[in-house]
file target-v4.cif (mmCIF, C-alpha atoms)
data_work
#
loop_
_atom_site.label_atom_id
_atom_site.label_comp_id
_atom_site.auth_asym_id
_atom_site.auth_seq_id
_atom_site.Cartn_x
_atom_site.Cartn_y
_atom_site.Cartn_z
CA MET A 1 38.57 159.32 148.00
CA ALA A 2 36.33 156.18 147.88
CA VAL A 3 33.78 155.79 150.68
CA SER A 4 35.04 152.26 151.37
CA ALA A 5 38.45 153.73 152.20
CA VAL A 6 37.15 156.58 154.35
CA ALA A 7 34.58 154.61 156.35
CA PRO A 8 37.06 152.58 158.51
CA VAL A 9 38.72 155.80 159.64
CA VAL A 10 35.44 157.47 160.45
CA LYS A 11 34.29 154.47 162.48
CA LEU A 12 37.16 155.08 164.88
CA PHE A 13 35.00 157.92 166.17
CA PRO A 14 31.55 156.40 166.93
CA ALA A 15 29.71 159.71 167.32
CA TRP A 16 31.03 160.88 163.96
CA ALA A 17 30.21 157.56 162.28
CA LEU A 18 26.65 157.67 163.63
CA ARG A 19 26.01 160.88 161.69
CA HIS A 20 26.60 158.97 158.44
CA THR A 21 24.22 156.07 159.20
CA LYS A 22 20.95 157.93 158.61
CA LYS A 23 18.56 155.98 156.36
CA GLY A 24 18.59 158.65 153.71
CA ASN A 25 22.31 158.21 153.16
CA PHE A 26 22.99 155.85 150.24
CA TYR A 27 26.32 154.86 151.82
CA ALA A 28 24.99 154.39 155.38
CA SER A 29 25.85 150.66 155.47
CA TYR A 30 29.58 151.50 155.07
CA PHE A 31 29.57 153.35 158.39
CA LEU A 32 27.80 150.77 160.55
CA LEU A 33 29.54 150.11 163.86
CA SER A 34 29.85 146.70 165.44
CA HIS A 35 26.85 145.22 167.20
CA LYS A 36 28.55 145.67 170.56
CA ARG A 37 29.30 149.36 169.96
CA GLU A 38 25.79 149.99 168.62
CA MET A 39 24.26 148.50 171.77
CA LYS A 40 26.58 150.62 173.93
CA ILE A 41 25.44 153.79 172.13
CA LEU A 42 21.74 152.91 172.42
CA SER A 43 21.93 151.94 176.08
CA LYS A 44 23.50 155.31 176.90
CA THR A 45 21.21 157.43 174.72
CA PRO A 46 19.13 159.82 176.89
CA ASN A 47 15.37 159.49 176.68
CA TYR A 48 14.81 162.80 174.91
CA ARG A 49 17.01 161.65 172.00
CA PHE A 50 16.06 157.98 171.97
CA ARG A 51 13.29 158.14 169.32
CA ARG A 52 15.63 159.93 166.92
CA MET A 53 17.79 156.81 166.86
CA ALA A 54 15.10 155.18 164.67
CA GLU A 55 16.24 157.50 161.87
CA HIS A 56 19.48 155.53 161.58
CA LEU A 57 20.41 152.20 160.02
CA TRP A 58 21.32 149.44 162.54
CA ARG A 59 22.71 145.94 162.34
CA PRO A 60 20.18 143.02 162.38
CA ALA A 61 21.68 141.67 165.59
CA THR A 62 21.17 145.05 167.25
CA ARG A 63 17.57 145.24 166.13
CA LEU A 64 16.85 141.76 167.52
CA LYS A 65 18.57 142.54 170.80
CA CYS A 66 16.56 145.71 171.24
CA LEU A 67 13.24 144.04 170.38
CA LYS A 68 13.88 141.56 173.19
CA ASP A 69 14.83 144.30 175.66
CA GLU A 70 12.25 145.64 178.11
CA LYS A 71 13.26 149.26 177.42
CA LEU A 72 14.79 149.42 173.95
CA TRP A 73 12.03 147.55 172.04
CA GLU A 74 10.14 150.72 171.11
CA LEU A 75 12.91 151.76 168.75
CA PHE A 76 12.08 149.07 166.15
CA VAL A 77 8.66 147.61 167.02
CA ASP A 78 6.77 149.80 164.54
CA GLU A 79 8.97 148.75 161.63
CA ILE A 80 9.41 145.01 162.09
CA ARG A 81 11.01 143.60 158.96
CA ASN A 82 10.81 139.81 159.19
CA SER A 83 9.52 136.83 161.14
CA GLU A 84 12.59 136.62 163.40
CA GLU A 85 12.10 140.21 164.49
CA PHE A 86 8.37 139.67 164.98
CA TYR A 87 8.88 136.71 167.31
CA ALA A 88 11.58 138.62 169.18
CA ALA A 89 9.07 141.40 169.88
CA PHE A 90 6.07 139.10 170.45
CA ASN A 91 7.96 137.06 173.04
CA ASN A 92 8.79 140.31 174.83
CA GLU A 93 5.74 140.84 177.05
CA THR A 94 6.13 144.62 177.09
CA ALA A 95 6.30 144.76 173.28
CA GLN A 96 3.54 142.26 172.41
CA ASP A 97 0.65 144.67 171.82
CA ARG A 98 2.61 146.92 169.49
CA ALA A 99 4.20 143.98 167.69
CA VAL A 100 0.88 142.36 166.78
CA ALA A 101 -0.79 145.64 165.85
CA SER A 102 2.22 147.00 163.95
CA LYS A 103 0.94 148.34 160.62
CA GLY A 104 4.34 147.98 159.05
CA TYR A 105 4.37 144.20 159.29
CA THR A 106 1.83 141.67 158.00
CA LEU A 107 1.77 138.40 159.91
CA SER A 108 2.16 135.17 157.97
CA ASN A 109 -0.40 132.35 158.26
CA ASP A 110 1.85 130.50 160.71
CA GLU A 111 2.28 133.62 162.81
CA ILE A 112 -1.48 134.26 162.87
CA VAL A 113 -2.10 130.72 164.11
CA HIS A 114 0.65 130.99 166.75
CA VAL A 115 -0.53 134.37 168.02
CA CYS A 116 -4.28 133.64 168.07
CA ASN A 117 -3.83 130.23 169.65
CA SER A 118 -1.65 131.74 172.38
CA ASP A 119 -4.51 134.09 173.33
CA LYS A 120 -7.87 134.64 171.61
CA LYS A 121 -7.64 138.38 172.42
CA TRP A 122 -5.41 138.81 169.38
CA VAL A 123 -8.17 137.66 166.98
CA PRO A 124 -10.05 141.01 166.81
CA VAL A 125 -6.74 142.90 166.58
CA LEU A 126 -5.61 140.91 163.55
CA LEU A 127 -9.10 140.85 162.05
CA LYS A 128 -9.03 144.63 162.01
CA LYS A 129 -5.45 144.81 160.79
CA GLN A 130 -5.44 142.10 158.09
CA SER A 131 -8.86 140.54 157.69
CA GLY A 132 -7.92 139.13 154.29
CA SER A 133 -5.42 136.78 155.95
CA PHE A 134 -8.11 134.63 157.58
CA TYR A 135 -8.29 131.97 154.88
CA ASP A 136 -9.99 128.62 155.43
CA LYS A 137 -6.69 126.73 155.76
CA THR A 138 -5.45 129.19 158.37
CA VAL A 139 -8.72 129.25 160.32
CA ALA A 140 -8.86 125.44 160.34
CA ARG A 141 -5.65 125.47 162.42
CA LEU A 142 -7.01 127.87 165.04
CA SER A 143 -8.04 126.61 168.46
CA GLY A 144 -11.71 126.30 169.33
CA GLU A 145 -11.52 129.43 171.50
CA ALA A 146 -9.90 131.44 168.73
CA ARG A 147 -12.44 130.26 166.15
CA THR A 148 -15.30 131.10 168.50
CA MET A 149 -13.95 134.62 168.89
CA LEU A 150 -13.42 134.93 165.11
CA PHE A 151 -16.88 133.69 164.09
CA GLY A 152 -18.54 135.87 166.72
CA ARG A 153 -16.78 139.01 165.50
CA LEU A 154 -17.58 138.22 161.86
CA VAL A 155 -21.28 137.72 162.65
CA VAL A 156 -21.50 140.97 164.62
CA GLY A 157 -19.66 142.79 161.83
CA TYR A 158 -21.88 141.18 159.17
CA SER A 159 -18.72 140.14 157.33
CA VAL A 160 -20.42 137.87 154.79
CA ASP A 161 -17.52 138.08 152.34
CA ILE A 162 -15.12 136.51 154.85
CA LEU A 163 -17.63 134.03 156.25
CA GLN A 164 -18.41 132.76 152.76
CA GLY A 165 -14.82 131.60 152.36
CA LEU A 166 -15.05 129.76 155.68
CA ASP A 167 -18.39 128.00 155.13
CA LYS A 168 -16.93 124.47 155.06
CA ILE A 169 -15.38 125.01 158.49
CA LEU A 170 -18.55 126.70 159.75
CA ARG A 171 -20.65 123.74 158.65
CA GLN A 172 -18.31 121.31 160.41
CA ASP A 173 -18.37 123.29 163.65
CA ALA A 174 -22.11 123.98 163.46
CA LEU A 175 -22.85 120.25 163.24
CA PHE A 176 -20.13 118.62 165.31
CA ALA A 177 -18.60 121.15 167.72
CA THR A 178 -19.99 121.82 171.18
CA GLY A 179 -20.63 124.80 173.42
CA ASP A 180 -19.98 128.36 172.27
CA LEU A 181 -18.10 127.25 169.16
CA GLN A 182 -21.12 125.31 167.90
CA LYS A 183 -23.46 128.23 168.63
CA THR A 184 -21.35 130.89 166.91
CA ALA A 185 -20.72 128.65 163.90
CA ALA A 186 -24.46 127.97 163.59
CA ALA A 187 -25.20 131.70 163.86
CA ALA A 188 -22.65 132.40 161.13
CA MET A 189 -24.17 129.76 158.82
CA SER A 190 -27.63 131.20 159.43
CA LEU A 191 -26.34 134.67 158.49
CA LEU A 192 -24.89 133.30 155.26
CA PHE A 193 -28.09 131.51 154.28
CA LYS A 194 -30.11 134.70 154.76
CA ASN A 195 -27.81 136.63 152.45
CA LYS A 196 -28.84 136.54 148.78
CA THR A 197 -25.26 137.02 147.60
CA TYR A 198 -23.97 133.87 149.34
CA ARG A 199 -22.25 131.44 146.96
CA PRO A 200 -21.71 128.17 148.86
CA ASN A 201 -18.47 126.19 148.70
CA ILE A 202 -20.14 123.32 150.54
CA PRO A 203 -21.16 120.32 148.38
CA ALA A 204 -24.89 120.20 147.60
CA GLU A 205 -25.46 116.94 149.47
CA GLN A 206 -24.06 118.53 152.65
CA LEU A 207 -25.73 121.88 152.08
CA VAL A 208 -29.25 120.42 152.17
CA GLN A 209 -28.64 118.98 155.63
CA LEU A 210 -28.28 122.42 157.23
CA PRO A 211 -31.30 123.95 159.02
CA ASP A 212 -31.54 127.21 157.01
CA PHE A 213 -30.84 125.74 153.59
CA ASN A 214 -34.38 126.34 152.30
CA VAL A 215 -34.15 130.03 153.19
CA TRP A 216 -31.22 130.42 150.83
CA ALA A 217 -32.62 128.08 148.14
CA ASP A 218 -35.85 130.09 147.98
CA ASP A 219 -34.46 133.63 148.19
CA ALA A 220 -30.93 133.66 146.73
CA ASP A 221 -30.16 134.55 143.13
CA SER A 222 -31.71 131.80 141.02
CA LEU A 223 -28.58 131.38 138.90
CA ALA A 224 -26.46 130.78 142.01
CA VAL A 225 -28.97 128.19 143.22
CA ALA A 226 -28.98 126.52 139.79
CA ASN A 227 -25.19 126.34 139.66
CA LYS A 228 -25.05 124.66 143.05
CA MET A 229 -28.21 122.56 143.23
CA ALA A 230 -29.58 121.76 139.74
CA ASN A 231 -27.48 118.67 139.02
CA TYR A 232 -28.03 117.36 142.54
CA TRP A 233 -31.81 117.67 142.26
CA LEU A 234 -31.79 116.13 138.79
CA ARG A 235 -29.70 113.22 140.02
CA LEU A 236 -32.21 112.55 142.81
CA ARG A 237 -35.13 113.05 140.37
CA GLN A 238 -36.52 115.88 142.48
CA TYR A 239 -38.18 117.33 139.41
CA ASP A 240 -40.63 119.50 141.34
CA LEU A 241 -37.71 121.50 142.72
CA VAL A 242 -36.15 121.76 139.27
CA GLU A 243 -39.45 123.03 137.81
CA ARG A 244 -39.68 125.76 140.44
CA LEU A 245 -36.08 126.68 139.77
CA ILE A 246 -36.71 126.96 136.01
CA GLU A 247 -39.64 129.32 136.61
CA ARG A 248 -37.44 131.48 138.84
CA LEU A 249 -34.66 131.52 136.26
CA ILE A 250 -37.08 132.76 133.62
CA ASN A 251 -38.47 135.41 135.96
CA ASP A 252 -34.90 136.56 136.68
CA ARG A 253 -34.13 136.63 132.95
CA HIS A 254 -31.66 133.75 133.02
CA ARG A 255 -33.30 132.16 130.00
CA ALA A 256 -30.21 130.26 128.77
CA ALA A 257 -29.85 128.48 132.12
CA ALA A 258 -33.59 127.71 132.15
CA ASP A 259 -33.48 126.23 128.64
CA GLN A 260 -30.53 124.04 129.60
CA LEU A 261 -32.43 122.66 132.58
CA LEU A 262 -35.55 122.06 130.46
CA THR A 263 -33.54 119.81 128.16
CA ALA A 264 -32.29 117.85 131.17
CA LEU A 265 -35.81 117.02 132.37
CA PRO A 266 -37.77 113.99 131.11
CA LYS A 267 -39.60 114.92 127.89
CA GLU A 268 -43.12 114.72 129.31
CA ILE A 269 -42.21 117.07 132.19
CA SER A 270 -40.35 119.44 129.89
CA VAL A 271 -43.31 119.71 127.50
CA ARG A 272 -45.80 120.24 130.32
CA LEU A 273 -43.61 122.92 131.90
CA SER A 274 -43.11 124.69 128.58
CA ASP A 275 -46.89 124.79 128.07
CA LYS A 276 -47.35 126.11 131.59
CA LEU A 277 -44.78 128.85 131.09
CA CYS A 278 -46.48 129.96 127.87
CA ARG A 279 -49.97 130.29 129.35
CA PRO A 280 -51.47 133.75 128.72
CA GLU A 281 -51.90 134.53 132.42
CA THR A 282 -48.29 133.58 133.12
CA LEU A 283 -46.93 135.73 130.31
CA LEU A 284 -49.18 138.66 131.23
CA ASN A 285 -48.06 138.54 134.85
CA LEU A 286 -44.42 138.42 133.79
CA ALA A 287 -44.98 141.41 131.52
CA LYS A 288 -46.72 143.41 134.26
CA GLU A 289 -43.77 142.70 136.56
CA ASP A 290 -41.41 143.77 133.73
CA LYS A 291 -39.81 140.32 133.79
CA LEU A 292 -40.96 138.93 130.47
CA PRO A 293 -38.04 137.51 128.43
CA LEU A 294 -38.08 137.99 124.65
CA THR A 295 -37.96 134.21 124.11
CA LEU A 296 -41.37 133.73 125.78
CA TYR A 297 -42.80 136.78 123.99
CA ASP A 298 -41.81 135.22 120.65
CA LEU A 299 -43.68 132.02 121.53
CA ALA A 300 -46.97 133.82 122.24
CA ALA A 301 -49.90 133.91 119.81
CA PRO A 302 -50.29 137.15 117.77
CA GLU A 303 -53.23 138.50 119.78
CA LEU A 304 -51.47 137.82 123.05
CA GLN A 305 -48.28 139.34 121.67
CA GLN A 306 -50.10 142.61 121.10
CA ARG A 307 -51.31 142.68 124.69
CA LEU A 308 -47.83 141.89 125.92
CA PHE A 309 -46.37 144.55 123.62
CA ASP A 310 -48.75 147.17 125.04
CA ILE A 311 -47.77 146.28 128.61
CA MET A 312 -44.05 146.39 127.85
CA GLU A 313 -44.49 149.75 126.11
CA GLU A 314 -46.33 151.02 129.19
CA ASN A 315 -43.45 149.81 131.36
CA ALA A 316 -40.99 151.69 129.15
CA GLN A 317 -43.04 154.89 129.43
CA ALA A 318 -43.15 154.52 133.22
CA LYS A 319 -39.37 154.14 133.43
CA TRP A 320 -38.97 157.29 131.31
CA PHE A 321 -41.53 159.34 133.25
CA LYS A 322 -40.67 158.32 136.83
CA PRO A 323 -37.71 160.71 137.36
CA LEU A 324 -39.64 163.46 135.59
CA ALA A 325 -42.63 162.96 137.86
CA GLU A 326 -40.35 163.48 140.86
CA GLN A 327 -38.77 166.64 139.37
CA GLY A 328 -42.02 168.38 138.43
CA PRO A 329 -43.38 169.59 135.06
CA ARG A 330 -41.21 170.82 132.21
CA ASN A 331 -42.58 172.26 128.98
CA ASP A 332 -40.57 169.91 126.79
CA VAL A 333 -41.97 166.89 128.59
CA ALA A 334 -45.55 168.03 128.05
CA GLY A 335 -44.70 168.32 124.37
CA LEU A 336 -43.33 164.80 124.27
CA LEU A 337 -46.49 163.48 125.89
CA LYS A 338 -48.50 165.21 123.15
CA CYS A 339 -46.34 163.49 120.54
CA ILE A 340 -47.19 160.13 122.02
CA LYS A 341 -50.88 160.78 121.43
CA ILE A 342 -50.33 162.40 118.01
CA ASN A 343 -48.46 159.26 116.91
CA GLY A 344 -51.48 157.17 117.79
CA LYS A 345 -50.04 155.67 120.98
CA LYS A 346 -51.60 155.59 124.40
CA ILE A 347 -50.16 157.31 127.43
CA GLY A 348 -49.81 154.33 129.75
CA GLY A 349 -51.81 153.83 132.90
CA LYS A 350 -48.66 153.78 135.04
CA VAL A 351 -47.66 157.21 133.77
CA GLN A 352 -51.18 158.54 134.43
CA ASP A 353 -51.05 157.10 137.97
CA MET A 354 -47.72 158.83 138.64
CA SER A 355 -49.10 162.16 137.40
CA LEU A 356 -51.91 162.02 139.97
CA GLU A 357 -49.32 161.99 142.75
CA ASN A 358 -48.08 165.46 141.76
CA PRO A 359 -50.69 168.29 141.60
CA ALA A 360 -48.71 170.23 138.98
CA TRP A 361 -48.56 167.23 136.67
CA ALA A 362 -52.22 166.44 137.31
CA GLU A 363 -53.14 169.94 136.06
CA ILE A 364 -51.19 169.41 132.82
CA PHE A 365 -52.71 165.97 132.22
CA ALA A 366 -56.22 167.29 132.88
CA ALA A 367 -55.74 170.36 130.68
CA GLU A 368 -54.23 168.40 127.79
CA GLY A 369 -56.73 165.55 127.93
CA PHE A 370 -54.11 162.90 128.72
CA TYR A 371 -56.37 160.95 131.13
CA ASP A 372 -58.41 157.94 129.98
CA ASP A 373 -61.84 157.17 131.44
CA ALA A 374 -60.51 155.10 134.33
CA HIS A 375 -58.06 157.83 135.35
CA ILE A 376 -60.65 160.59 135.09
CA ILE A 377 -62.52 158.71 137.82
CA LYS A 378 -59.28 158.46 139.80
CA LEU A 379 -58.79 162.20 139.31
CA MET A 380 -62.29 162.89 140.70
CA ARG A 381 -61.45 160.77 143.75
CA SER A 382 -58.18 162.63 144.32
CA GLY A 383 -57.45 165.87 146.14
CA ASN A 384 -56.12 167.62 143.03
CA LYS A 385 -58.55 170.57 143.15
CA GLN A 386 -57.12 172.66 140.29
CA ALA A 387 -56.81 169.66 137.98
CA ILE A 388 -60.47 168.73 138.64
CA LEU A 389 -61.57 172.30 137.89
CA LEU A 390 -59.52 172.37 134.69
CA TRP A 391 -61.03 169.13 133.42
CA GLY A 392 -64.54 169.96 134.57
CA GLY A 393 -64.38 173.40 132.97
CA ARG A 394 -63.97 171.82 129.55
CA ASN A 395 -65.91 168.57 129.84
CA ASN A 396 -69.22 167.22 131.06
CA LEU A 397 -69.08 164.66 133.87
CA ASN A 398 -70.97 161.41 133.38
CA GLN A 399 -72.66 159.65 136.26
CA LYS A 400 -69.64 157.52 137.28
CA GLN A 401 -67.33 160.52 137.23
CA TYR A 402 -69.75 162.71 139.13
CA THR A 403 -70.34 159.99 141.72
CA ALA A 404 -66.58 159.58 142.21
CA LEU A 405 -66.33 163.33 142.83
CA LEU A 406 -69.19 163.27 145.34
CA PHE A 407 -67.42 160.62 147.40
CA GLY A 408 -63.95 162.18 147.11
CA PRO A 409 -62.14 164.86 149.14
CA CYS A 410 -63.10 167.55 146.57
CA ALA A 411 -66.86 166.92 146.74
CA TYR A 412 -67.40 170.64 147.46
CA LEU A 413 -66.51 171.29 143.79
CA ALA A 414 -69.56 169.34 142.56
CA PRO A 415 -71.88 172.37 142.21
CA GLN A 416 -69.39 173.93 139.75
CA MET A 417 -69.26 170.84 137.49
CA LYS A 418 -71.19 170.28 134.27
CA TYR A 419 -73.06 167.05 134.94
CA HIS A 420 -75.01 165.07 132.37
CA GLY A 421 -76.37 161.89 133.84
CA LYS A 422 -79.24 160.30 135.72
CA LYS A 423 -80.48 161.91 138.90
#
call {"tool": "encode", "arguments": {"input": "target-v4.cif", "output": "structure tokens"}}
result
Amino acid sequence: MAVSAVAPVVKLFPAWALRHTKKGNFYASYFLLSHKREMKILSKTPNYRFRRMAEHLWRPATRLKCLKDEKLWELFVDEIRNSEEFYAAFNNETAQDRAVASKGYTLSNDEIVHVCNSDKKWVPVLLKKQSGSFYDKTVARLSGEARTMLFGRLVVGYSVDILQGLDKILRQDALFATGDLQKTAAAAMSLLFKNKTYRPNIPAEQLVQLPDFNVWADDADSLAVANKMANYWLRLRQYDLVERLIERLINDRHRAAADQLLTALPKEISVRLSDKLCRPETLLNLAKEDKLPLTLYDLAAPELQQRLFDIMEENAQAKWFKPLAEQGPRNDVAGLLKCIKINGKKIGGKVQDMSLENPAWAEIFAAEGFYDDAHIIKLMRSGNKQAILLWGGRNNLNQKQYTALLFGPCAYLAPQMKYHGKK
């Protein structure tokens, strides 16, 4: 027999019909009782069975009625389904806390504004529950008290990602609001400016008016600063700021952006800056900091290129050796270091420096003759006793080396050393 034919008969016996309205039953809706009879059943349900009633399907009118009731609201508050049910629960003083915090229901923008403007205490609750809902258009509609609470919590929580999306509102409040709202907005803007990842939405001409702008302009990613400020500075002919930005872009390996800005500068400034960037001392410093772009390397004279090449090769060796220096010696690594020398290359100064920080590595470098003259002196000044003995057992110390040993922590080894120098 079809369910639609059986259901009316079953509903003549409410207790029997209720058994068929469990949510897991595909045909539960066929057995729903009237709103009036559902309310009668719920109002007479003993406390020990009340929570089990949530396992059943109920009519929308019954759900709304219960959410407004001082006693029956708990049955549905944790599974609010729509805005009408939310407002029914929120307007019920006893159900408010659970309604706002209910994980099963996400408040709309209008509901967030209504709730937070009714009492600022709901701001931290909703910020924890659905922080992604605090968009600029929503926050702009919040009361001053609610915004103060919001900005304060975001600053304490260091929520830069959310604050970044609100920077236009923060700027407005930081400049034109009063009291606590102005203070918290200013604190939030200051936090943003000190964060290198901040990408402003505020127009450049407004950005420069804020107190901490220079902190961000000097420290943030150079490409982000260029994207926001370059055209503004060019338009105002603030070429000194553009020049500094170009140098930073090159240092940060954003060469394409730097080249684009160079072409936007007056020719005489562009030529002068290009010459400045290609000076030997500039290129050497960039190489030592491992920030030299290939484009500048290609522009260097042959002799300078060789010096730059040597520095970059030393940097590469240091990157390779650093994790090995921390792990300790391995036979295969010692073999690779020998290959470097056999192939006519130098073991870089940075690698030699790192070896001196580990006694076991220092012994290998001393025994294998991997140290150059400058690092032999550093070895003599170090506390690597066994490495000094290994080197001294096979080599004669010159005056500089012997003097370094005498003034180092291992001076007591001096009588054992072979010394050939002036007395």
call {"tool": "residues_around", "arguments": {"input": "target-v4.cif", "residues": "range 255-271 of chain A", "least_positions_apart": "6", "cutoff": "9 Å", "atoms": "all atoms listed in the file", "output": "list in words"}}
result
Leu223, Ala226, Ala230, Leu234, Arg237, Tyr239, Val242, Glu243, Leu245, Ile246, Glu247, Arg248, Leu249, Pro293 and Thr295 of chain A
call {"tool": "atom_distance", "arguments": {"input": "target-v4.cif", "atom1": "CA of Lys44 in chain A", "atom2": "CA of Lys68 in chain A"}}
result
17.2 Å
call {"tool": "resolve_selection", "arguments": {"input": "target-v4.cif", "expression": "the PyMOL selection byres ((chain A and resi 81-90) around 7)", "output": "number ranges by chain"}}
result
A: 64, 67-68, 77, 79-80, 91-93, 95-96, 99, 105
call {"tool": "residues_around", "arguments": {"input": "target-v4.cif", "residues": "Lys400 in chain A", "least_positions_apart": "2", "cutoff": "10 Å", "atoms": "all atoms listed in the file", "output": "ChimeraX atom specification"}}
result
/A:373-374,376-377,380,397-398,402-406,421
call {"tool": "residues_around", "arguments": {"input": "target-v4.cif", "residues": "range 174-184 of chain A", "least_positions_apart": "4", "cutoff": "9 Å", "atoms": "only C-alpha atoms", "output": "list in words"}}
result
Gly144, Glu145, Arg147, Thr148, Met149, Phe151, Gly152, Val155, Ile169, Leu170, Ala188, Met189 and Leu210 of chain A
call {"tool": "atom_distance", "arguments": {"input": "target-v4.cif", "atom1": "CA of Glu70 in chain A", "atom2": "CA of Lys128 in chain A"}}
result
26.7 Å
call {"tool": "closest_residue", "arguments": {"input": "target-v4.cif", "among": "A:Gly348, A:Gly165, A:Pro359, A:Pro302", "to": "Trp320 in chain A", "atoms": "only C-alpha atoms"}}
result
A:Gly348
call {"tool": "atom_distance", "arguments": {"input": "target-v4.cif", "atom1": "CA of Trp122 in chain A", "atom2": "CA of Ala101 in chain A"}}
result
9.0 Å
call {"tool": "residues_around", "arguments": {"input": "target-v4.cif", "residues": "Cys116 in chain A", "least_positions_apart": "6", "cutoff": "12 Å", "atoms": "all atoms listed in the file", "output": "PDB file with C-alpha atoms, in the frame of the given file"}}
result
ATOM      1  CA  PHE A  90       6.070 139.100 170.450  1.00  0.00           C
ATOM      2  CA  VAL A 100       0.880 142.360 166.780  1.00  0.00           C
ATOM      3  CA  LEU A 107       1.770 138.400 159.910  1.00  0.00           C
ATOM      4  CA  ASN A 109      -0.400 132.350 158.260  1.00  0.00           C
ATOM      5  CA  ASP A 110       1.850 130.500 160.710  1.00  0.00           C
ATOM      6  CA  TRP A 122      -5.410 138.810 169.380  1.00  0.00           C
ATOM      7  CA  VAL A 123      -8.170 137.660 166.980  1.00  0.00           C
ATOM      8  CA  PRO A 124     -10.050 141.010 166.810  1.00  0.00           C
ATOM      9  CA  VAL A 125      -6.740 142.900 166.580  1.00  0.00           C
ATOM     10  CA  LEU A 126      -5.610 140.910 163.550  1.00  0.00           C
ATOM     11  CA  LEU A 127      -9.100 140.850 162.050  1.00  0.00           C
ATOM     12  CA  PHE A 134      -8.110 134.630 157.580  1.00  0.00           C
ATOM     13  CA  THR A 138      -5.450 129.190 158.370  1.00  0.00           C
ATOM     14  CA  VAL A 139      -8.720 129.250 160.320  1.00  0.00           C
ATOM     15  CA  ARG A 141      -5.650 125.470 162.420  1.00  0.00           C
ATOM     16  CA  LEU A 142      -7.010 127.870 165.040  1.00  0.00           C
ATOM     17  CA  SER A 143      -8.040 126.610 168.460  1.00  0.00           C
ATOM     18  CA  GLY A 144     -11.710 126.300 169.330  1.00  0.00           C
ATOM     19  CA  GLU A 145     -11.520 129.430 171.500  1.00  0.00           C
ATOM     20  CA  ALA A 146      -9.900 131.440 168.730  1.00  0.00           C
ATOM     21  CA  ARG A 147     -12.440 130.260 166.150  1.00  0.00           C
ATOM     22  CA  THR A 148     -15.300 131.100 168.500  1.00  0.00           C
ATOM     23  CA  MET A 149     -13.950 134.620 168.890  1.00  0.00           C
ATOM     24  CA  LEU A 150     -13.420 134.930 165.110  1.00  0.00           C
TER      25      LEU A 150
END
call {"tool": "closest_residue", "arguments": {"input": "target-v4.cif", "among": "A:Lys322, A:Gln401, A:Cys278, A:Lys350", "to": "Gln305 in chain A", "atoms": "all atoms listed in the file"}}
result
A:Cys278
